[in-house]
Amino acid sequence: MMFRDDADPYVPGHGDLGFDVLRYDLELGYRVDGNTLDGTATLTCRAPEATERIHLDLHKLNVQKVLVDGVRAKHRHGRNRLSIECDIEAGAQFVVRVQYGGRPGPLSKRTLGEAGWEELEDGVIVAAQPHGAPTWFPCNDRPSDKASYRIRLTVGSTYTVVSNGRLVSTTPRASTTTWEYVQDEPMASYLATVQIGRYQLFDFESVVPLRAAVPAALTDRYDAAFGRQPQMLETFSQLFGEYPFDSYTVVVTEDDLEIPLESQSLSTFGANFLTTAWDAERLIAHELSHQWFGNSLTLGAWKDIWLHEGFACYAEWLWSEASCRGSAQERAEEHWSLLAGSDQELVLADPGPDKMFDDRVYKRGALLLHSLRLTLGDHVFFDLLRSWVSEHAHSTVSTEMFREHVRRAPGDAVDVLLDAWLTEPELPPLPPAS
Ligand SMILES: [Zn+2]
């Protein structure tokens, strides 16, 4: 039997390596008043080897019934893990249906903080990175298990629901409305989300359809803060290659939020991001770039988080350069100096779970990319970046795969450079700018 309880040491107790989910079909009903969620999750799965037990992650909510291929299955639900007895042959496809419900809330871990389902003043966001997906649906919670999704959520008709992918239908009934979204491109569980609030929806012209969900009271402040997104999309599409999904949606909550967060095909910002300050704009660029780096190309192990955050931070500098607010070279020099003055014990390729979202991972990752660019020249560097994106679109990536990829560059300077930035704690010097 191939079951292993800990798929990833950074997020212990989550994920089952013994099977894959191919598709999630979530039927959800939610009452904002009282925070009650009822759901039926139908998971189409496959096990590479024969198995008699699978595990799903589900935090706190109550499990009423579990069916495997239409037959009631014995199960046990601890606080966070749902263990299901089954009899699956090697390579076989099977369907698990879980009926569940309760009062969802965030999942807290000592090293990782809180993530998942979060009540706002008048609505909900799901910000699940890296361990919050089990707060609202039963899942194989490891980022290497990407699947397609259909999410249907029924809620009071005064609320708007935003979720991943395409909105395929809205069905009003007496006092409720059902919102149905389909995400065809594979998605990691932590990137799945629902956003519930009293939002108005706006559509904008751009190289890809751009949508905004904004509370009525804040709509007049949207353009000043987010008006440059069409140009950002154009810039990033040129530098990284085609935008990987059908559309992009920005949700602005009525509440202030400490940090914005990316989900697949959408990002969530607090009302405090409705400003023209560079610190807000750089994060608008940062979250958008995660659609390429993190959502289309997703890490298989959390130790490789620099493949998301280093690239997204470098995208901020590229946007700064493209919009004439300081070249990437100037941003790199500034942040190299700041890093040179801080502790140098962090190893970029394996920072440890408690330093996964340390700012040095972001900045050092971006500096690595800028160093590569200085070493290889713009032409080779951006060609390598675009082929990295196109060859691994909608799949799982690792640091080792990135090393293999950039080894295509002529000369042997790249390996030495990558070693210094990825595996040594000391800060390497920036290569000279030409
Ligand atoms: Zn980020």
# chains A, B, ... in the order shown; residues from 1 in each chain; ligands from 1

call {"tool": "residues_near_ligand", "arguments": {"ligand": "ligand 1", "cutoff": "9 Å", "atoms": "only C-alpha atoms and all ligand atoms", "output": "JSON, numbers by chain"}}
result
{"A": [260, 261, 262, 283, 286, 287, 289, 290, 294, 308, 309, 310, 311, 312, 313, 357, 362]}

call {"tool": "select_by_dssp", "arguments": {"residues": "range 292-417 of chain A", "states": "strand (DSSP E or B)", "output": "ChimeraX atom specification"}}
result
/A:293,297-299,395-397

call {"tool": "write_last_selection", "arguments": {"atoms": "C-alpha atoms", "output": "mmCIF file, in the first residue's frame"}}
result
data_model
loop_
_atom_site.group_PDB
_atom_site.id
_atom_site.type_symbol
_atom_site.label_atom_id
_atom_site.label_comp_id
_atom_site.auth_asym_id
_atom_site.auth_seq_id
_atom_site.Cartn_x
_atom_site.Cartn_y
_atom_site.Cartn_z
ATOM 1 C CA PHE A 293 4.100 31.657 -11.403
ATOM 2 C CA LEU A 297 3.289 26.491 -12.836
ATOM 3 C CA THR A 298 2.745 25.190 -9.319
ATOM 4 C CA LEU A 299 5.316 23.854 -6.890
ATOM 5 C CA SER A 395 1.604 21.423 -14.314
ATOM 6 C CA THR A 396 3.912 20.908 -11.341
ATOM 7 C CA VAL A 397 7.455 22.286 -11.117
#

call {"tool": "closest_residue", "arguments": {"among": "A:Ser144, A:Thr154, A:Asn295, A:Thr160", "to": "Asp8 in chain A", "atoms": "only C-alpha atoms"}}
result
A:Ser144

call {"tool": "residues_around", "arguments": {"residues": "Cys86 in chain A", "least_positions_apart": "4", "cutoff": "7 Å", "atoms": "only C-alpha atoms", "output": "JSON, numbers by chain"}}
result
{"A": [52, 53, 73]}

call {"tool": "residues_around", "arguments": {"residues": "Gln129 in chain A", "least_positions_apart": "3", "cutoff": "10 Å", "atoms": "only C-alpha atoms", "output": "number ranges by chain"}}
result
A: 112, 114-116, 126, 132-133, 189-192, 261-263

call {"tool": "residues_around", "arguments": {"residues": "Leu348 in chain A", "least_positions_apart": "2", "cutoff": "9 Å", "atoms": "only C-alpha atoms", "output": "list of chain:residue names"}}
result
A:Lys303, A:Asp304, A:Ile305, A:Trp306, A:Leu346, A:Asp350, A:Pro351, A:Arg360, A:Val361, A:Arg364, A:Gly365, A:Trp421, A:Leu422, A:Thr423, A:Glu424, A:Pro425

call {"tool": "residues_around", "arguments": {"residues": "Ile284 in chain A", "least_positions_apart": "4", "cutoff": "12 Å", "atoms": "only C-alpha atoms", "output": "PyMOL selection string"}}
result
chain A and resi 225-233+249-252+259-262+266-270+273-280+288-291+312-313+315-316+319-320

call {"tool": "write_last_selection", "arguments": {"atoms": "N, CA and C atoms", "output": "short mmCIF file (atom, residue, chain, number, x, y, z; two decimals), in the first residue's frame"}}
result
data_model
loop_
_atom_site.label_atom_id
_atom_site.label_comp_id
_atom_site.auth_asym_id
_atom_site.auth_seq_id
_atom_site.Cartn_x
_atom_site.Cartn_y
_atom_site.Cartn_z
N ALA A 225 -6.80 53.02 -8.52
CA ALA A 225 -5.87 52.02 -7.98
C ALA A 225 -5.59 50.89 -8.97
N PHE A 226 -6.63 50.42 -9.67
CA PHE A 226 -6.48 49.20 -10.48
C PHE A 226 -6.50 49.49 -12.00
N GLY A 227 -6.56 50.77 -12.35
CA GLY A 227 -6.71 51.13 -13.75
C GLY A 227 -5.57 50.71 -14.66
N ARG A 228 -4.40 50.40 -14.08
CA ARG A 228 -3.26 50.02 -14.92
C ARG A 228 -3.20 48.51 -15.19
N GLN A 229 -4.16 47.76 -14.67
CA GLN A 229 -4.10 46.30 -14.88
C GLN A 229 -4.08 45.87 -16.35
N PRO A 230 -4.84 46.52 -17.25
CA PRO A 230 -4.75 46.11 -18.65
C PRO A 230 -3.32 46.24 -19.19
N GLN A 231 -2.62 47.32 -18.82
CA GLN A 231 -1.22 47.47 -19.25
C GLN A 231 -0.32 46.42 -18.61
N MET A 232 -0.59 46.13 -17.34
CA MET A 232 0.19 45.07 -16.67
C MET A 232 0.02 43.74 -17.39
N LEU A 233 -1.23 43.42 -17.74
CA LEU A 233 -1.52 42.17 -18.44
C LEU A 233 -0.78 42.10 -19.77
N THR A 249 -10.07 38.06 -12.42
CA THR A 249 -11.01 38.84 -11.60
C THR A 249 -10.29 39.38 -10.37
N VAL A 250 -10.59 40.62 -10.03
CA VAL A 250 -10.08 41.20 -8.79
C VAL A 250 -11.27 41.41 -7.85
N VAL A 251 -11.17 40.91 -6.64
CA VAL A 251 -12.18 41.13 -5.62
C VAL A 251 -11.62 42.15 -4.63
N VAL A 252 -12.38 43.22 -4.40
CA VAL A 252 -11.98 44.19 -3.38
C VAL A 252 -12.99 44.09 -2.23
N ILE A 259 -2.82 41.56 3.84
CA ILE A 259 -2.12 41.25 2.60
C ILE A 259 -3.12 40.79 1.54
N PRO A 260 -2.82 41.07 0.26
CA PRO A 260 -3.68 40.51 -0.79
C PRO A 260 -3.35 39.03 -0.99
N LEU A 261 -4.21 38.33 -1.69
CA LEU A 261 -3.91 36.92 -1.91
C LEU A 261 -4.36 36.44 -3.28
N GLU A 262 -3.51 35.61 -3.90
CA GLU A 262 -3.85 35.06 -5.20
C GLU A 262 -4.61 33.75 -5.05
N LEU A 266 -8.13 34.61 -10.05
CA LEU A 266 -8.58 35.81 -9.34
C LEU A 266 -7.65 36.15 -8.18
N SER A 267 -7.75 37.40 -7.73
CA SER A 267 -7.01 37.83 -6.55
C SER A 267 -7.93 38.64 -5.66
N THR A 268 -7.60 38.68 -4.37
CA THR A 268 -8.42 39.37 -3.39
C THR A 268 -7.60 40.46 -2.70
N PHE A 269 -8.17 41.65 -2.68
CA PHE A 269 -7.51 42.79 -2.02
C PHE A 269 -8.46 43.42 -1.02
N GLY A 270 -7.91 43.96 0.07
CA GLY A 270 -8.73 44.71 1.02
C GLY A 270 -8.98 46.11 0.49
N PHE A 273 -6.28 48.73 -0.23
CA PHE A 273 -5.45 48.75 -1.44
C PHE A 273 -5.98 49.72 -2.49
N LEU A 274 -7.07 50.40 -2.17
CA LEU A 274 -7.62 51.39 -3.11
C LEU A 274 -6.87 52.71 -2.94
N THR A 275 -5.60 52.70 -3.30
CA THR A 275 -4.77 53.90 -3.24
C THR A 275 -3.87 53.90 -4.48
N THR A 276 -3.22 55.02 -4.72
CA THR A 276 -2.31 55.08 -5.87
C THR A 276 -0.85 54.89 -5.43
N ALA A 277 -0.64 54.49 -4.18
CA ALA A 277 0.73 54.32 -3.68
C ALA A 277 1.44 53.17 -4.41
N TRP A 278 2.74 53.31 -4.61
CA TRP A 278 3.52 52.26 -5.27
C TRP A 278 3.43 50.94 -4.51
N ASP A 279 3.41 50.99 -3.17
CA ASP A 279 3.35 49.76 -2.38
C ASP A 279 2.07 48.96 -2.62
N ALA A 280 0.99 49.64 -3.00
CA ALA A 280 -0.22 48.92 -3.38
C ALA A 280 -0.10 48.44 -4.83
N LEU A 288 -1.12 39.52 -9.85
CA LEU A 288 -1.42 39.16 -11.24
C LEU A 288 -0.38 38.18 -11.78
N SER A 289 0.89 38.40 -11.47
CA SER A 289 1.95 37.54 -12.02
C SER A 289 1.88 36.12 -11.45
N HIS A 290 1.24 35.96 -10.29
CA HIS A 290 1.08 34.61 -9.73
C HIS A 290 0.23 33.71 -10.64
N GLN A 291 -0.55 34.32 -11.54
CA GLN A 291 -1.33 33.47 -12.45
C GLN A 291 -0.39 32.62 -13.30
N ALA A 312 7.25 36.34 -8.58
CA ALA A 312 6.23 37.39 -8.45
C ALA A 312 6.87 38.70 -8.00
N CYS A 313 7.87 38.62 -7.14
CA CYS A 313 8.57 39.82 -6.72
C CYS A 313 9.35 40.42 -7.90
N ALA A 315 8.48 40.16 -10.95
CA ALA A 315 7.44 40.76 -11.81
C ALA A 315 7.13 42.19 -11.35
N GLU A 316 7.15 42.43 -10.03
CA GLU A 316 6.97 43.81 -9.53
C GLU A 316 8.03 44.73 -10.13
N TRP A 319 7.47 45.34 -13.79
CA TRP A 319 6.40 46.32 -14.00
C TRP A 319 6.91 47.74 -13.68
N SER A 320 7.71 47.86 -12.65
CA SER A 320 8.32 49.15 -12.29
C SER A 320 9.12 49.68 -13.49
#

call {"tool": "closest_residue", "arguments": {"among": "A:Arg211, A:Val63, A:His14, A:Ala322", "to": "Lys109 in chain A", "atoms": "only C-alpha atoms"}}
result
A:His14

call {"tool": "residues_around", "arguments": {"residues": "Leu417 in chain A", "least_positions_apart": "5", "cutoff": "9 Å", "atoms": "only C-alpha atoms", "output": "list in words"}}
result
Leu368, Ser371, Leu372, Thr375, Leu422 and Pro428 of chain A

call {"tool": "write_last_selection", "arguments": {"atoms": "C-alpha atoms", "output": "mmCIF file, in the first residue's frame"}}
result
data_model
loop_
_atom_site.group_PDB
_atom_site.id
_atom_site.type_symbol
_atom_site.label_atom_id
_atom_site.label_comp_id
_atom_site.auth_asym_id
_atom_site.auth_seq_id
_atom_site.Cartn_x
_atom_site.Cartn_y
_atom_site.Cartn_z
ATOM 1 C CA LEU A 368 18.533 35.434 -8.381
ATOM 2 C CA SER A 371 21.448 37.995 -11.657
ATOM 3 C CA LEU A 372 20.543 35.403 -14.291
ATOM 4 C CA THR A 375 24.628 37.042 -16.782
ATOM 5 C CA LEU A 422 19.919 28.684 -3.991
ATOM 6 C CA PRO A 428 26.175 36.486 -3.443
#

call {"tool": "atom_distance", "arguments": {"atom1": "CA of Arg23 in chain A", "atom2": "CA of Leu153 in chain A"}}
result
16.9 Å

call {"tool": "closest_residue", "arguments": {"among": "A:His75, A:Asp145, A:Gly411, A:Leu26", "to": "Arg46 in chain A", "atoms": "only C-alpha atoms"}}
result
A:Asp145

call {"tool": "atom_distance", "arguments": {"atom1": "CA of Pro48 in chain A", "atom2": "CA of Ala147 in chain A"}}
result
15.7 Å

call {"tool": "atom_distance", "arguments": {"atom1": "CA of Ser390 in chain A", "atom2": "CA of Tyr248 in chain A"}}
result
18.8 Å

call {"tool": "decode", "arguments": {"residues": "range 301-338 of chain A", "atoms": "N, CA and C atoms", "output": "PDB file, in the first residue's frame"}}
result
ATOM      1  N   ALA A 301       6.311  20.814  -3.950  1.00  0.00           N
ATOM      2  CA  ALA A 301       6.705  20.766  -2.539  1.00  0.00           C
ATOM      3  C   ALA A 301       6.893  22.204  -2.065  1.00  0.00           C
ATOM      4  N   TRP A 302       6.421  22.497  -0.859  1.00  0.00           N
ATOM      5  CA  TRP A 302       6.405  23.886  -0.376  1.00  0.00           C
ATOM      6  C   TRP A 302       7.798  24.472  -0.173  1.00  0.00           C
ATOM      7  N   LYS A 303       8.810  23.616  -0.084  1.00  0.00           N
ATOM      8  CA  LYS A 303      10.166  24.174   0.069  1.00  0.00           C
ATOM      9  C   LYS A 303      10.585  24.981  -1.170  1.00  0.00           C
ATOM     10  N   ASP A 304       9.907  24.736  -2.296  1.00  0.00           N
ATOM     11  CA  ASP A 304      10.214  25.442  -3.548  1.00  0.00           C
ATOM     12  C   ASP A 304       9.420  26.739  -3.712  1.00  0.00           C
ATOM     13  N   ILE A 305       8.956  27.312  -2.610  1.00  0.00           N
ATOM     14  CA  ILE A 305       8.087  28.496  -2.656  1.00  0.00           C
ATOM     15  C   ILE A 305       8.728  29.668  -3.404  1.00  0.00           C
ATOM     16  N   TRP A 306      10.054  29.705  -3.483  1.00  0.00           N
ATOM     17  CA  TRP A 306      10.703  30.807  -4.225  1.00  0.00           C
ATOM     18  C   TRP A 306      10.297  30.805  -5.707  1.00  0.00           C
ATOM     19  N   LEU A 307       9.917  29.610  -6.222  1.00  0.00           N
ATOM     20  CA  LEU A 307       9.459  29.541  -7.620  1.00  0.00           C
ATOM     21  C   LEU A 307       8.159  30.323  -7.823  1.00  0.00           C
ATOM     22  N   HIS A 308       7.422  30.584  -6.738  1.00  0.00           N
ATOM     23  CA  HIS A 308       6.247  31.456  -6.817  1.00  0.00           C
ATOM     24  C   HIS A 308       6.636  32.890  -6.429  1.00  0.00           C
ATOM     25  N   GLU A 309       7.185  33.030  -5.229  1.00  0.00           N
ATOM     26  CA  GLU A 309       7.331  34.373  -4.654  1.00  0.00           C
ATOM     27  C   GLU A 309       8.521  35.147  -5.229  1.00  0.00           C
ATOM     28  N   GLY A 310       9.607  34.448  -5.538  1.00  0.00           N
ATOM     29  CA  GLY A 310      10.737  35.141  -6.156  1.00  0.00           C
ATOM     30  C   GLY A 310      10.359  35.679  -7.532  1.00  0.00           C
ATOM     31  N   PHE A 311       9.628  34.881  -8.294  1.00  0.00           N
ATOM     32  CA  PHE A 311       9.189  35.296  -9.634  1.00  0.00           C
ATOM     33  C   PHE A 311       8.173  36.425  -9.548  1.00  0.00           C
ATOM     34  N   ALA A 312       7.252  36.341  -8.582  1.00  0.00           N
ATOM     35  CA  ALA A 312       6.230  37.391  -8.453  1.00  0.00           C
ATOM     36  C   ALA A 312       6.873  38.704  -8.003  1.00  0.00           C
ATOM     37  N   CYS A 313       7.873  38.616  -7.143  1.00  0.00           N
ATOM     38  CA  CYS A 313       8.575  39.825  -6.716  1.00  0.00           C
ATOM     39  C   CYS A 313       9.355  40.416  -7.903  1.00  0.00           C
ATOM     40  N   TYR A 314       9.959  39.547  -8.701  1.00  0.00           N
ATOM     41  CA  TYR A 314      10.669  40.071  -9.880  1.00  0.00           C
ATOM     42  C   TYR A 314       9.688  40.703 -10.877  1.00  0.00           C
ATOM     43  N   ALA A 315       8.478  40.160 -10.946  1.00  0.00           N
ATOM     44  CA  ALA A 315       7.444  40.760 -11.809  1.00  0.00           C
ATOM     45  C   ALA A 315       7.128  42.191 -11.355  1.00  0.00           C
ATOM     46  N   GLU A 316       7.154  42.430 -10.027  1.00  0.00           N
ATOM     47  CA  GLU A 316       6.967  43.814  -9.529  1.00  0.00           C
ATOM     48  C   GLU A 316       8.031  44.731 -10.126  1.00  0.00           C
ATOM     49  N   TRP A 317       9.285  44.269 -10.125  1.00  0.00           N
ATOM     50  CA  TRP A 317      10.381  45.100 -10.624  1.00  0.00           C
ATOM     51  C   TRP A 317      10.283  45.282 -12.140  1.00  0.00           C
ATOM     52  N   LEU A 318       9.814  44.230 -12.821  1.00  0.00           N
ATOM     53  CA  LEU A 318       9.646  44.342 -14.272  1.00  0.00           C
ATOM     54  C   LEU A 318       8.534  45.344 -14.603  1.00  0.00           C
ATOM     55  N   TRP A 319       7.470  45.345 -13.787  1.00  0.00           N
ATOM     56  CA  TRP A 319       6.404  46.323 -13.997  1.00  0.00           C
ATOM     57  C   TRP A 319       6.912  47.735 -13.678  1.00  0.00           C
ATOM     58  N   SER A 320       7.714  47.860 -12.646  1.00  0.00           N
ATOM     59  CA  SER A 320       8.321  49.148 -12.292  1.00  0.00           C
ATOM     60  C   SER A 320       9.123  49.682 -13.488  1.00  0.00           C
ATOM     61  N   GLU A 321       9.897  48.767 -14.097  1.00  0.00           N
ATOM     62  CA  GLU A 321      10.722  49.143 -15.247  1.00  0.00           C
ATOM     63  C   GLU A 321       9.840  49.538 -16.451  1.00  0.00           C
ATOM     64  N   ALA A 322       8.836  48.710 -16.733  1.00  0.00           N
ATOM     65  CA  ALA A 322       7.982  48.947 -17.904  1.00  0.00           C
ATOM     66  C   ALA A 322       7.164  50.228 -17.750  1.00  0.00           C
ATOM     67  N   SER A 323       6.841  50.602 -16.522  1.00  0.00           N
ATOM     68  CA  SER A 323       6.003  51.795 -16.310  1.00  0.00           C
ATOM     69  C   SER A 323       6.844  53.002 -15.874  1.00  0.00           C
ATOM     70  N   CYS A 324       8.168  52.878 -16.084  1.00  0.00           N
ATOM     71  CA  CYS A 324       9.089  54.004 -15.851  1.00  0.00           C
ATOM     72  C   CYS A 324       9.048  54.522 -14.411  1.00  0.00           C
ATOM     73  N   ARG A 325       8.975  53.576 -13.442  1.00  0.00           N
ATOM     74  CA  ARG A 325       9.035  53.974 -12.037  1.00  0.00           C
ATOM     75  C   ARG A 325      10.300  53.450 -11.376  1.00  0.00           C
ATOM     76  N   GLY A 326      11.331  53.224 -12.149  1.00  0.00           N
ATOM     77  CA  GLY A 326      12.579  52.678 -11.604  1.00  0.00           C
ATOM     78  C   GLY A 326      12.901  51.382 -12.305  1.00  0.00           C
ATOM     79  N   SER A 327      14.127  51.231 -12.796  1.00  0.00           N
ATOM     80  CA  SER A 327      14.490  50.021 -13.543  1.00  0.00           C
ATOM     81  C   SER A 327      14.626  48.838 -12.592  1.00  0.00           C
ATOM     82  N   ALA A 328      14.564  47.639 -13.159  1.00  0.00           N
ATOM     83  CA  ALA A 328      14.785  46.439 -12.359  1.00  0.00           C
ATOM     84  C   ALA A 328      16.170  46.485 -11.722  1.00  0.00           C
ATOM     85  N   GLN A 329      17.140  47.057 -12.443  1.00  0.00           N
ATOM     86  CA  GLN A 329      18.500  47.187 -11.896  1.00  0.00           C
ATOM     87  C   GLN A 329      18.493  48.053 -10.626  1.00  0.00           C
ATOM     88  N   GLU A 330      17.772  49.162 -10.682  1.00  0.00           N
ATOM     89  CA  GLU A 330      17.691  50.039  -9.490  1.00  0.00           C
ATOM     90  C   GLU A 330      16.996  49.337  -8.330  1.00  0.00           C
ATOM     91  N   ARG A 331      15.889  48.650  -8.630  1.00  0.00           N
ATOM     92  CA  ARG A 331      15.175  47.902  -7.570  1.00  0.00           C
ATOM     93  C   ARG A 331      16.092  46.820  -6.999  1.00  0.00           C
ATOM     94  N   ALA A 332      16.833  46.135  -7.879  1.00  0.00           N
ATOM     95  CA  ALA A 332      17.710  45.043  -7.428  1.00  0.00           C
ATOM     96  C   ALA A 332      18.821  45.590  -6.519  1.00  0.00           C
ATOM     97  N   GLU A 333      19.425  46.689  -6.924  1.00  0.00           N
ATOM     98  CA  GLU A 333      20.511  47.259  -6.106  1.00  0.00           C
ATOM     99  C   GLU A 333      19.995  47.668  -4.724  1.00  0.00           C
ATOM    100  N   GLU A 334      18.799  48.290  -4.740  1.00  0.00           N
ATOM    101  CA  GLU A 334      18.195  48.737  -3.468  1.00  0.00           C
ATOM    102  C   GLU A 334      17.965  47.534  -2.538  1.00  0.00           C
ATOM    103  N   HIS A 335      17.385  46.461  -3.078  1.00  0.00           N
ATOM    104  CA  HIS A 335      17.048  45.325  -2.222  1.00  0.00           C
ATOM    105  C   HIS A 335      18.262  44.462  -1.911  1.00  0.00           C
ATOM    106  N   TRP A 336      19.249  44.458  -2.793  1.00  0.00           N
ATOM    107  CA  TRP A 336      20.493  43.756  -2.465  1.00  0.00           C
ATOM    108  C   TRP A 336      21.123  44.409  -1.218  1.00  0.00           C
ATOM    109  N   SER A 337      21.149  45.729  -1.190  1.00  0.00           N
ATOM    110  CA  SER A 337      21.732  46.444  -0.040  1.00  0.00           C
ATOM    111  C   SER A 337      20.965  46.151   1.244  1.00  0.00           C
ATOM    112  N   LEU A 338      19.628  46.110   1.146  1.00  0.00           N
ATOM    113  CA  LEU A 338      18.822  45.807   2.345  1.00  0.00           C
ATOM    114  C   LEU A 338      19.113  44.391   2.846  1.00  0.00           C
TER     115      LEU A 338
END
